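This is upload.txt. It holds compact mmCIF, C-alpha atoms and all ligand atoms.
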```
# COMPACT_ATOMS: atom_id res chain seq x y z
CA MET A 204 66.96 56.72 -73.16
CA ALA A 205 66.04 60.37 -73.32
CA ALA A 206 66.99 60.44 -77.00
CA TYR A 207 65.17 57.30 -78.08
CA GLY A 208 62.29 56.80 -75.66
CA SER A 209 61.19 53.66 -73.83
CA PRO A 210 61.03 50.71 -74.22
CA LEU A 211 64.08 50.10 -76.38
CA TYR A 212 66.35 47.38 -77.72
CA ILE A 213 70.07 48.21 -77.60
CA TYR A 214 72.71 46.13 -79.41
CA SER A 215 76.49 46.12 -79.17
CA ARG A 216 78.37 45.96 -82.45
CA ALA A 217 81.62 44.95 -80.71
CA GLU A 218 79.91 41.99 -79.02
CA ILE A 219 78.30 40.80 -82.27
CA GLU A 220 81.67 40.98 -84.02
CA ALA A 221 83.52 39.22 -81.20
CA ASN A 222 80.96 36.41 -81.10
CA TRP A 223 81.09 35.86 -84.86
CA ARG A 224 84.88 35.92 -84.83
CA GLU A 225 84.99 33.30 -82.09
CA PHE A 226 83.23 30.85 -84.41
CA ASP A 227 85.22 31.86 -87.46
CA GLN A 228 88.65 31.72 -85.84
CA ALA A 229 88.08 28.35 -84.20
CA PHE A 230 88.14 26.83 -87.70
CA GLY A 231 91.64 28.07 -88.50
CA ASP A 232 92.44 27.06 -92.09
CA HIS A 233 89.72 24.43 -92.32
CA PRO A 234 87.23 25.29 -95.11
CA HIS A 235 84.12 26.67 -93.46
CA LEU A 236 81.30 29.16 -93.71
CA ILE A 237 79.52 30.74 -90.74
CA CYS A 238 75.91 31.28 -91.83
CA TYR A 239 74.34 33.53 -89.21
CA ALA A 240 70.70 32.53 -88.60
CA VAL A 241 68.82 35.66 -89.63
CA LYS A 242 65.68 34.83 -87.67
CA ALA A 243 67.47 35.45 -84.36
CA ASN A 244 67.80 39.17 -85.11
CA SER A 245 67.18 40.43 -88.61
CA ASN A 246 67.73 44.17 -88.18
CA LEU A 247 69.53 45.49 -91.28
CA ALA A 248 72.30 47.03 -89.15
CA VAL A 249 72.97 43.67 -87.48
CA LEU A 250 73.06 41.92 -90.85
CA ASN A 251 75.27 44.65 -92.28
CA VAL A 252 77.83 44.33 -89.45
CA LEU A 253 78.02 40.59 -90.16
CA ALA A 254 78.07 41.03 -93.94
CA LYS A 255 81.08 43.32 -93.57
CA MET A 256 82.90 40.53 -91.77
CA GLY A 257 82.19 38.15 -94.66
CA SER A 258 79.46 36.16 -92.95
CA GLY A 259 77.09 33.83 -94.73
CA PHE A 260 73.44 33.63 -93.67
CA ASP A 261 70.86 30.98 -92.86
CA ILE A 262 67.48 32.18 -94.09
CA VAL A 263 64.01 30.70 -93.65
CA SER A 264 62.02 32.95 -95.99
CA ILE A 265 62.39 35.09 -99.10
CA GLY A 266 61.81 38.08 -96.84
CA GLU A 267 64.96 37.19 -94.92
CA LEU A 268 66.89 36.75 -98.18
CA GLN A 269 65.77 40.20 -99.30
CA ARG A 270 66.88 41.62 -95.96
CA VAL A 271 70.33 40.05 -96.36
CA ILE A 272 70.66 41.60 -99.80
CA ALA A 273 69.38 44.98 -98.59
CA ALA A 274 71.97 44.86 -95.80
CA GLY A 275 74.82 44.23 -98.25
CA GLY A 276 75.08 40.49 -97.62
CA ASP A 277 76.10 38.00 -100.30
CA PRO A 278 73.20 35.79 -101.45
CA THR A 279 75.64 33.18 -102.74
CA LYS A 280 76.59 32.62 -99.09
CA CYS A 281 72.96 31.96 -98.06
CA VAL A 282 71.52 28.59 -97.13
CA PHE A 283 67.74 28.39 -97.33
CA SER A 284 66.12 26.36 -94.52
CA GLY A 285 62.43 25.98 -93.62
CA VAL A 286 59.79 23.28 -94.00
CA ALA A 287 57.24 25.09 -96.16
CA LYS A 288 59.03 26.60 -99.17
CA THR A 289 56.52 27.55 -101.87
CA ARG A 290 57.14 27.33 -105.62
CA SER A 291 57.51 31.07 -105.64
CA ASP A 292 60.09 30.98 -102.79
CA ILE A 293 62.10 28.39 -104.69
CA GLN A 294 61.91 30.27 -107.97
CA GLN A 295 63.00 33.56 -106.40
CA ALA A 296 65.90 31.91 -104.59
CA LEU A 297 67.03 30.27 -107.84
CA ASP A 298 66.74 33.57 -109.72
CA ILE A 299 68.81 35.34 -107.09
CA GLY A 300 71.32 32.51 -106.75
CA ILE A 301 71.94 31.08 -103.26
CA TYR A 302 74.52 28.69 -101.81
CA CYS A 303 72.04 25.87 -101.37
CA PHE A 304 68.58 24.76 -100.32
CA ASN A 305 68.39 22.84 -97.06
CA VAL A 306 65.69 20.40 -98.14
CA GLU A 307 63.31 19.34 -95.37
CA SER A 308 61.13 16.69 -97.07
CA ALA A 309 60.74 14.40 -100.09
CA GLY A 310 57.92 16.63 -101.33
CA GLU A 311 60.15 19.69 -101.21
CA LEU A 312 62.86 17.90 -103.17
CA ASP A 313 60.32 17.11 -105.92
CA ARG A 314 59.15 20.69 -105.94
CA ILE A 315 62.67 22.13 -106.18
CA GLU A 316 63.43 19.75 -109.02
CA SER A 317 60.31 20.75 -110.88
CA VAL A 318 60.92 24.51 -110.49
CA ALA A 319 64.61 24.19 -111.43
CA SER A 320 63.71 22.06 -114.45
CA ALA A 321 61.14 24.61 -115.63
CA LEU A 322 63.76 27.36 -115.31
CA GLY A 323 66.40 25.22 -117.03
CA VAL A 324 68.81 25.51 -114.12
CA GLN A 325 70.42 23.20 -111.56
CA ALA A 326 69.38 23.75 -107.96
CA PRO A 327 72.09 23.23 -105.31
CA ILE A 328 70.67 21.04 -102.55
CA SER A 329 71.55 19.67 -99.16
CA ILE A 330 69.15 17.37 -97.34
CA ARG A 331 68.36 18.23 -93.76
CA VAL A 332 68.78 14.95 -91.99
CA ASN A 333 66.97 14.39 -88.73
CA PRO A 334 69.48 12.38 -86.69
CA ASP A 335 66.97 11.51 -83.93
CA VAL A 336 69.05 12.78 -81.02
CA ASP A 337 67.80 14.44 -77.89
CA ALA A 338 69.25 17.92 -77.66
CA LYS A 339 68.15 18.12 -74.01
CA THR A 340 66.64 21.55 -74.44
CA HIS A 341 63.16 23.06 -74.10
CA PRO A 342 60.68 20.94 -76.12
CA TYR A 343 59.58 23.98 -78.16
CA ILE A 344 63.13 24.51 -79.43
CA SER A 345 64.15 20.87 -79.85
CA THR A 346 64.12 19.90 -83.52
CA GLY A 347 66.27 16.79 -83.96
CA LEU A 348 63.91 14.11 -82.69
CA LYS A 349 61.81 11.85 -84.91
CA GLU A 350 58.65 13.41 -83.55
CA ASN A 351 59.64 16.89 -84.79
CA LYS A 352 58.40 18.35 -88.08
CA PHE A 353 61.91 19.22 -89.30
CA GLY A 354 64.16 17.38 -91.71
CA VAL A 355 64.13 13.90 -93.22
CA ASP A 356 64.44 10.71 -91.25
CA ILE A 357 68.03 9.47 -91.41
CA GLU A 358 67.04 6.13 -92.98
CA ALA A 359 64.88 7.79 -95.62
CA SER A 360 67.59 10.32 -96.43
CA ARG A 361 69.81 7.81 -98.19
CA ALA A 362 67.11 6.94 -100.72
CA LEU A 363 66.35 10.61 -101.21
CA TYR A 364 70.00 11.35 -101.97
CA HIS A 365 69.94 8.62 -104.60
CA LYS A 366 66.89 10.17 -106.16
CA ALA A 367 68.46 13.64 -106.13
CA GLN A 368 71.70 12.35 -107.64
CA GLN A 369 69.75 11.01 -110.61
CA SER A 370 68.22 14.36 -111.47
CA ASP A 371 69.76 16.74 -114.02
CA SER A 372 68.01 19.64 -112.31
CA LEU A 373 69.56 19.04 -108.89
CA ASN A 374 73.14 19.46 -107.78
CA VAL A 375 73.74 17.43 -104.63
CA CYS A 376 76.28 19.46 -102.69
CA GLY A 377 75.80 19.00 -98.98
CA MET A 378 74.11 17.54 -95.95
CA ASP A 379 72.80 19.37 -92.95
CA CYS A 380 71.29 18.86 -89.56
CA HIS A 381 70.04 21.25 -86.89
CA ILE A 382 68.95 19.58 -83.70
CA GLY A 383 67.61 22.45 -81.64
CA SER A 384 68.43 25.65 -79.86
CA GLN A 385 69.95 26.74 -76.54
CA ILE A 386 71.94 23.50 -76.34
CA THR A 387 74.42 23.68 -73.47
CA GLU A 388 76.40 20.45 -73.91
CA VAL A 389 78.62 19.32 -76.77
CA SER A 390 77.54 15.67 -76.61
CA PRO A 391 74.22 15.98 -78.55
CA PHE A 392 76.08 17.76 -81.36
CA ILE A 393 78.70 15.03 -81.50
CA ASP A 394 76.05 12.28 -81.42
CA ALA A 395 74.35 13.96 -84.37
CA LEU A 396 77.67 14.43 -86.15
CA ASP A 397 78.54 10.74 -85.82
CA LYS A 398 75.21 9.77 -87.32
CA VAL A 399 75.45 12.10 -90.32
CA LEU A 400 79.10 11.20 -90.96
CA ASN A 401 78.04 7.59 -91.10
CA LEU A 402 75.44 8.47 -93.72
CA ILE A 403 78.02 10.50 -95.68
CA SER A 404 80.36 7.51 -95.83
CA GLN A 405 77.52 5.23 -96.95
CA LEU A 406 76.70 7.70 -99.71
CA SER A 407 80.34 7.88 -100.69
CA GLU A 408 80.32 4.09 -101.17
CA ASP A 409 77.26 4.58 -103.35
CA GLY A 410 79.20 7.09 -105.46
CA ILE A 411 77.51 10.20 -104.04
CA ASP A 412 79.99 12.84 -103.02
CA ILE A 413 78.96 15.24 -100.24
CA GLN A 414 81.08 18.41 -100.31
CA HIS A 415 79.86 20.27 -97.29
CA LEU A 416 78.35 19.39 -93.95
CA ASP A 417 76.18 21.97 -92.25
CA LEU A 418 75.90 21.31 -88.51
CA GLY A 419 73.16 23.89 -87.96
CA GLY A 420 72.96 26.33 -85.10
CA GLY A 421 71.87 25.79 -81.53
CA VAL A 422 74.86 26.72 -79.38
CA GLY A 423 73.41 27.89 -76.07
CA ILE A 424 74.26 31.08 -74.23
CA THR A 425 74.37 31.99 -70.55
CA TYR A 426 71.13 33.72 -69.55
CA ASP A 427 71.56 33.29 -65.80
CA ASP A 428 74.45 31.17 -64.53
CA GLU A 429 74.15 28.15 -66.83
CA GLN A 430 77.32 26.51 -68.01
CA THR A 431 77.28 26.36 -71.75
CA ILE A 432 79.43 25.14 -74.60
CA ASP A 433 82.92 26.42 -75.20
CA ILE A 434 82.72 27.22 -78.91
CA ALA A 435 86.35 26.43 -79.66
CA ASP A 436 86.03 23.04 -77.91
CA TYR A 437 82.91 22.21 -79.89
CA ILE A 438 84.51 23.12 -83.20
CA GLN A 439 87.74 21.26 -82.36
CA ALA A 440 85.75 18.16 -81.45
CA ALA A 441 83.87 18.38 -84.75
CA LEU A 442 86.98 19.04 -86.85
CA ALA A 443 88.67 15.98 -85.36
CA LYS A 444 86.01 13.84 -87.07
CA VAL A 445 85.21 15.46 -90.39
CA GLY A 446 88.36 15.06 -92.48
CA GLU A 447 88.47 17.53 -95.36
CA LEU A 448 84.75 18.24 -95.52
CA GLU A 449 83.80 21.91 -95.67
CA ILE A 450 81.84 22.73 -92.51
CA LEU A 451 78.96 25.19 -92.26
CA LEU A 452 77.44 26.39 -89.01
CA GLU A 453 74.22 28.35 -88.54
CA PRO A 454 74.56 30.11 -85.18
CA GLY A 455 71.94 32.70 -84.32
CA ARG A 456 71.49 33.07 -80.59
CA ALA A 457 75.21 32.61 -79.86
CA ILE A 458 76.08 35.59 -82.08
CA VAL A 459 73.45 38.11 -80.99
CA GLY A 460 71.82 36.87 -77.77
CA ASN A 461 74.24 38.44 -75.34
CA ALA A 462 74.84 41.41 -77.63
CA GLY A 463 71.45 42.92 -76.87
CA VAL A 464 69.41 44.27 -73.96
CA PHE A 465 65.80 45.33 -73.69
CA VAL A 466 65.33 48.43 -71.58
CA THR A 467 61.97 49.27 -70.08
CA ARG A 468 60.68 51.86 -67.59
CA VAL A 469 58.88 51.30 -64.31
CA GLU A 470 55.44 52.90 -64.57
CA TYR A 471 53.93 51.81 -61.25
CA LEU A 472 54.86 49.84 -58.18
CA LYS A 473 52.03 47.80 -56.75
CA GLN A 474 52.56 45.93 -53.49
CA ASN A 475 49.87 43.51 -52.33
CA ASP A 476 49.97 41.42 -49.16
CA ASP A 477 52.05 38.69 -50.69
CA LYS A 478 53.04 39.94 -54.15
CA SER A 479 54.96 42.95 -55.35
CA PHE A 480 54.52 43.99 -58.95
CA ALA A 481 56.63 46.43 -60.87
CA ILE A 482 54.43 47.42 -63.79
CA ILE A 483 56.71 48.28 -66.69
CA ASP A 484 56.12 49.81 -70.12
CA GLY A 485 57.57 46.79 -71.93
CA ALA A 486 55.46 43.70 -72.48
CA MET A 487 55.17 40.22 -73.93
CA ASN A 488 54.52 41.69 -77.36
CA ASP A 489 57.99 43.29 -77.20
CA LEU A 490 59.86 40.35 -75.62
CA LEU A 491 57.90 37.13 -75.92
CA ARG A 492 60.38 34.57 -74.61
CA PRO A 493 59.34 34.64 -70.94
CA ALA A 494 55.66 34.15 -71.82
CA LEU A 495 56.34 31.61 -74.60
CA TYR A 496 58.98 29.39 -73.02
CA GLY A 497 59.08 30.56 -69.41
CA ALA A 498 62.51 31.90 -70.40
CA TYR A 499 64.73 33.68 -67.92
CA HIS A 500 66.26 37.07 -68.60
CA LYS A 501 68.39 38.69 -65.93
CA ALA A 502 66.90 42.02 -64.79
CA LEU A 503 69.15 44.90 -63.74
CA ALA A 504 67.99 48.21 -62.33
CA VAL A 505 69.65 50.84 -64.48
CA ASN A 506 69.52 53.67 -61.94
CA GLU A 507 72.18 52.66 -59.48
CA ASN A 508 71.40 55.44 -57.05
CA SER A 509 67.73 54.66 -56.95
CA THR A 510 66.01 55.85 -53.84
CA GLY A 511 63.44 53.20 -54.52
CA VAL A 512 61.98 50.29 -52.62
CA LYS A 513 63.97 47.10 -52.17
CA ASP A 514 61.68 44.13 -52.64
CA THR A 515 61.19 40.93 -54.62
CA TRP A 516 59.37 42.05 -57.73
CA ASP A 517 57.47 40.48 -60.58
CA LEU A 518 58.05 42.63 -63.66
CA VAL A 519 54.75 42.69 -65.50
CA GLY A 520 53.67 44.56 -68.62
CA PRO A 521 50.56 46.42 -69.76
CA VAL A 522 49.18 43.65 -71.99
CA CYS A 523 45.90 42.11 -70.91
CA GLU A 524 47.19 38.58 -70.32
CA THR A 525 48.28 36.97 -67.05
CA GLY A 526 51.17 35.52 -69.04
CA ASP A 527 52.43 39.04 -69.64
CA PHE A 528 55.53 39.04 -67.47
CA LEU A 529 59.18 39.63 -68.32
CA ALA A 530 60.66 38.44 -65.04
CA LYS A 531 59.40 36.99 -61.76
CA GLY A 532 60.63 37.16 -58.19
CA ARG A 533 63.61 39.47 -58.71
CA GLU A 534 65.25 41.28 -55.85
CA LEU A 535 65.66 44.86 -57.04
CA THR A 536 65.53 48.37 -55.67
CA LEU A 537 62.99 50.21 -57.78
CA ALA A 538 61.23 53.55 -57.94
CA GLN A 539 58.63 54.81 -60.39
CA GLY A 540 60.40 56.11 -63.49
CA ASP A 541 63.48 53.91 -63.07
CA TYR A 542 64.70 51.86 -65.99
CA VAL A 543 65.23 48.12 -65.91
CA ALA A 544 67.42 46.27 -68.41
CA LEU A 545 66.39 42.75 -69.38
CA MET A 546 69.68 41.18 -70.35
CA SER A 547 70.52 38.67 -73.13
CA ALA A 548 67.66 39.96 -75.26
CA GLY A 549 69.50 40.30 -78.58
CA ALA A 550 68.22 36.99 -80.00
CA TYR A 551 64.53 36.17 -80.57
CA GLY A 552 63.61 39.47 -78.93
CA PHE A 553 62.65 42.07 -81.49
CA THR A 554 62.16 39.46 -84.25
CA MET A 555 59.40 37.77 -82.24
CA SER A 556 57.73 41.03 -81.28
CA SER A 557 54.20 41.83 -82.39
CA ASN A 558 51.63 44.60 -82.30
CA TYR A 559 49.33 42.81 -79.87
CA ASN A 560 47.16 45.31 -77.98
CA THR A 561 47.91 47.82 -80.79
CA ARG A 562 51.32 48.50 -79.35
CA PRO A 563 53.83 50.01 -81.77
CA ARG A 564 56.99 47.96 -82.00
CA VAL A 565 59.84 49.59 -80.13
CA ALA A 566 62.95 51.36 -81.44
CA GLU A 567 66.30 49.60 -81.87
CA VAL A 568 69.67 51.25 -81.31
CA MET A 569 73.19 50.01 -82.00
CA VAL A 570 76.20 51.06 -79.99
CA SER A 571 79.48 51.10 -81.91
CA GLY A 572 82.56 52.38 -80.12
CA ASP A 573 81.42 55.53 -78.35
CA THR A 574 78.59 56.30 -80.75
CA HIS A 575 75.01 55.11 -80.72
CA THR A 576 72.74 55.02 -83.74
CA LEU A 577 69.03 54.50 -84.23
CA VAL A 578 68.76 51.39 -86.43
CA ARG A 579 64.96 51.09 -86.40
CA LYS A 580 62.62 53.83 -85.45
CA ARG A 581 59.72 53.27 -83.09
CA GLU A 582 56.55 52.50 -85.03
CA THR A 583 53.80 55.08 -85.08
CA ILE A 584 50.27 54.18 -84.06
CA GLU A 585 48.89 55.29 -87.46
CA SER A 586 51.20 52.85 -89.22
CA LEU A 587 49.58 50.00 -87.31
CA PHE A 588 46.27 50.38 -89.13
CA GLU A 589 47.33 51.92 -92.42
CA ASN A 590 46.62 48.63 -94.24
CA GLU A 591 43.10 48.27 -92.84
CA PHE A 592 39.79 49.37 -94.34
CA THR A 593 36.29 49.85 -93.02
CA LEU A 594 33.20 48.69 -94.94
CA ASP A 595 31.39 51.17 -97.19
CA THR A 596 27.95 50.47 -95.79
C1 LIG B 601 66.68 28.62 -85.60
C2 LIG B 601 67.65 27.93 -86.47
C3 LIG B 601 69.02 28.19 -86.35
C4 LIG B 601 69.60 29.09 -85.29
O1 LIG B 601 69.48 28.53 -84.03
P1 LIG B 601 70.23 29.20 -82.78
O2 LIG B 601 69.84 28.37 -81.65
O3 LIG B 601 69.73 30.59 -82.68
O4 LIG B 601 71.70 29.16 -83.06
C5 LIG B 601 69.86 27.58 -87.25
N1 LIG B 601 69.40 26.75 -88.22
C6 LIG B 601 68.09 26.47 -88.36
C7 LIG B 601 67.65 25.56 -89.44
C8 LIG B 601 67.17 27.05 -87.50
O5 LIG B 601 65.88 26.76 -87.62
```

If you took the structure in this file and wrote it as structure tokens, what would it be?
Ligand SMILES: *Cc1c(COP(=O)(O)O)cnc(C)c1O
Amino acid sequence: MAAYGSPLYIYSRAEIEANWREFDQAFGDHPHLICYAVKANSNLAVLNVLAKMGSGFDIVSIGELQRVIAAGGDPTKCVFSGVAKTRSDIQQALDIGIYCFNVESAGELDRIESVASALGVQAPISIRVNPDVDAKTHPYISTGLKENKFGVDIEASRALYHKAQQSDSLNVCGMDCHIGSQITEVSPFIDALDKVLNLISQLSEDGIDIQHLDLGGGVGITYDDEQTIDIADYIQAALAKVGELEILLEPGRAIVGNAGVFVTRVEYLKQNDDKSFAIIDGAMNDLLRPALYGAYHKALAVNENSTGVKDTWDLVGPVCETGDFLAKGRELTLAQGDYVALMSAGAYGFTMSSNYNTRPRVAEVMVSGDTHTLVRKRETIESLFENEFTLDT
């Protein structure tokens, strides 16, 4: 901490690699591609570690595609998800050459066709089917229900595939579904799988050949003491149903979530009659999940020999919002100047961070073996307003 300052994200290369390998190895010889979901943690060093292992990537913007390329990743192993792809996004992805577009609406399919036709190329497409299953997760991260904005209704998908098959500018290659995030039971995945396999066999009868099935991401991790999915069991259960189909997965959280911690320092201890606050230097702008979803991150006091005060603390940050807390009601022994590690912060931590309250985004460090390396430097305050201008008069 002395070398890098506080607050700080710290990632473990070994953990990222082990998590990715667990997915990869569960497939054995079955044709597959693990497309790490870049939005979970898009630091170039993280992407580079995965690229070196041969990972594919799930991207949701051209910015993420450029990151993958800058990190040494292979764009031809990228699937492009996201509901709002612009003409320019589509054109750039076609110029670069990606594995396929995960198409989220009829309008997007038309747009991809029109851009590909203008460029005189064939666009590889997979339709994101919304299987209308309840992933039993937080409503903000549930995506596979009819009421969600993602994907195409399963009934409407069949007609859309027919339309795509007719076009010379589209190459129908796959089907995908992603039903949500932090899913802790296999059954919603299998329910979704059964529905999309049914559609694939209908399409096969219609003469439309689907070559890959992308089951999305969403495998949950243990933040506290939740039981979650055994990855090998999930993949075995899926492989038992899919025949020869190539399978893609888009795990994000399950690869990086438990490979990262957020470390923050105790600035003040403030004990009222019925509340004890540890005021820390990290805040909701650095780690948004508690404020956004009421998410739980385990908090560990880093200084084991603390001579501090044992109490039940709310860990609150400097941002001027009552929602600015990172943890509530935690029994810890704390003194001013101690560090606290918020665990399981490797996914949707830094990538969701902002400059709210003109707070520079924090540094990121990766531990690899017995070395540690700065992989993103702390932002400077000047850099936060370098793109702003005052009026002349
Ligand atoms: C967010 C997202 C993922 C990754 O989800 P995790 O829960 O982090 O595994 C995968 N695919 C799509 C389309 C997503 O939107």

Using only C-alpha atoms and all ligand atoms, find each residue with an atom at most 7 Å away from ligand LIG 601 (chain B) and format the answer as JSON, numbers by chain. {"A": [240, 242, 243, 261, 284, 285, 381, 383, 384, 385, 419, 420, 421, 422, 423, 453, 454, 455, 456, 457]}

Closest of A:Gly497, A:Pro278, A:Pro521, A:Gly511 to Thr467 in chain A - atom-to-atom distances counting all atoms listed in the file: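 Among A:Gly497, A:Pro278, A:Pro521, A:Gly511, it is A:Pro521 that comes nearest to Thr467 in chain A.
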
When distances are computed from all atoms listed in the file, which of A:Val543, A:Cys376, A:Ile450, A:Val389 shows the smallest separation from Ile434 in chain A? A:Val389

For a quick check of understanding, using all atoms listed in the file, which of A:Gln294, A:Asn488, A:Ser308, A:Thr561 has the smallest distance to Asp356 in chain A?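 Among A:Gln294, A:Asn488, A:Ser308, A:Thr561, it is A:Ser308 that comes nearest to Asp356 in chain A.
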
Tell me, as a PyMOL selection string, which residues lie within 6 Å of Pro334 in chain A, counting all atoms listed in the file; anything in the same chain fewer than 2 positions away does not count. chain A and resi 332+336+357+395

Quick one: everything within 8 Å of range 571-574 of chain A, counting only C-alpha atoms, minus sequence neighbours fewer than 2 positions away in the same chain. Send it as number ranges by chain. A: 215-217, 569, 576

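Each of A:Ser317, A:Thr387, A:Ile413, A:Val459 was checked against Asp433 in chain A using only C-alpha atoms; the smallest atom-to-atom distance is that of A:Thr387.
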
Counting all atoms listed in the file, which residues sit no farther than 9 Å from the position (85.5, 17.0, -93.0) in the file's frame? I'd like them as a PyMOL selection string. chain A and resi 233-234+400+414-416+441-450

Quick one: write out the picked residues with C-alpha atoms as a PDB file, in the coordinates of the input?
```
ATOM      1  CA  HIS A 233      89.720  24.430 -92.320  1.00  0.00           C
ATOM      2  CA  PRO A 234      87.230  25.290 -95.110  1.00  0.00           C
ATOM      3  CA  LEU A 400      79.100  11.200 -90.960  1.00  0.00           C
ATOM      4  CA  GLN A 414      81.080  18.410-100.310  1.00  0.00           C
ATOM      5  CA  HIS A 415      79.860  20.270 -97.290  1.00  0.00           C
ATOM      6  CA  LEU A 416      78.350  19.390 -93.950  1.00  0.00           C
ATOM      7  CA  ALA A 441      83.870  18.380 -84.750  1.00  0.00           C
ATOM      8  CA  LEU A 442      86.980  19.040 -86.850  1.00  0.00           C
ATOM      9  CA  ALA A 443      88.670  15.980 -85.360  1.00  0.00           C
ATOM     10  CA  LYS A 444      86.010  13.840 -87.070  1.00  0.00           C
ATOM     11  CA  VAL A 445      85.210  15.460 -90.390  1.00  0.00           C
ATOM     12  CA  GLY A 446      88.360  15.060 -92.480  1.00  0.00           C
ATOM     13  CA  GLU A 447      88.470  17.530 -95.360  1.00  0.00           C
ATOM     14  CA  LEU A 448      84.750  18.240 -95.520  1.00  0.00           C
ATOM     15  CA  GLU A 449      83.800  21.910 -95.670  1.00  0.00           C
ATOM     16  CA  ILE A 450      81.840  22.730 -92.510  1.00  0.00           C
TER      17      ILE A 450
END
```

Pick from A:Asp514, A:Ala486, A:Ala254, A:Ser372, whichever lies nearest to Arg314 in chain A using only C-alpha atoms: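 Of all the options, A:Ser372 lies closest to Arg314 in chain A.
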
Within 8 Å of range 527-530 of chain A, counting all atoms listed in the file, which residues show up once you throw out same-chain ones fewer than 6 positions away? Write them as a short mmCIF file (atom, residue, chain, number, x, y, z; two decimals) with C-alpha atoms, in the coordinates of the input, please.
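In the end it all went to around-v7.cif:
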```
data_model
loop_
_atom_site.label_atom_id
_atom_site.label_comp_id
_atom_site.auth_asym_id
_atom_site.auth_seq_id
_atom_site.Cartn_x
_atom_site.Cartn_y
_atom_site.Cartn_z
CA ALA A 486 55.46 43.70 -72.48
CA MET A 487 55.17 40.22 -73.93
CA LEU A 490 59.86 40.35 -75.62
CA PRO A 493 59.34 34.64 -70.94
CA ALA A 494 55.66 34.15 -71.82
CA TYR A 499 64.73 33.68 -67.92
CA HIS A 500 66.26 37.07 -68.60
CA LYS A 501 68.39 38.69 -65.93
CA ALA A 502 66.90 42.02 -64.79
CA ASP A 517 57.47 40.48 -60.58
CA LEU A 518 58.05 42.63 -63.66
CA VAL A 519 54.75 42.69 -65.50
CA GLY A 520 53.67 44.56 -68.62
CA PRO A 521 50.56 46.42 -69.76
CA LEU A 545 66.39 42.75 -69.38
#
```
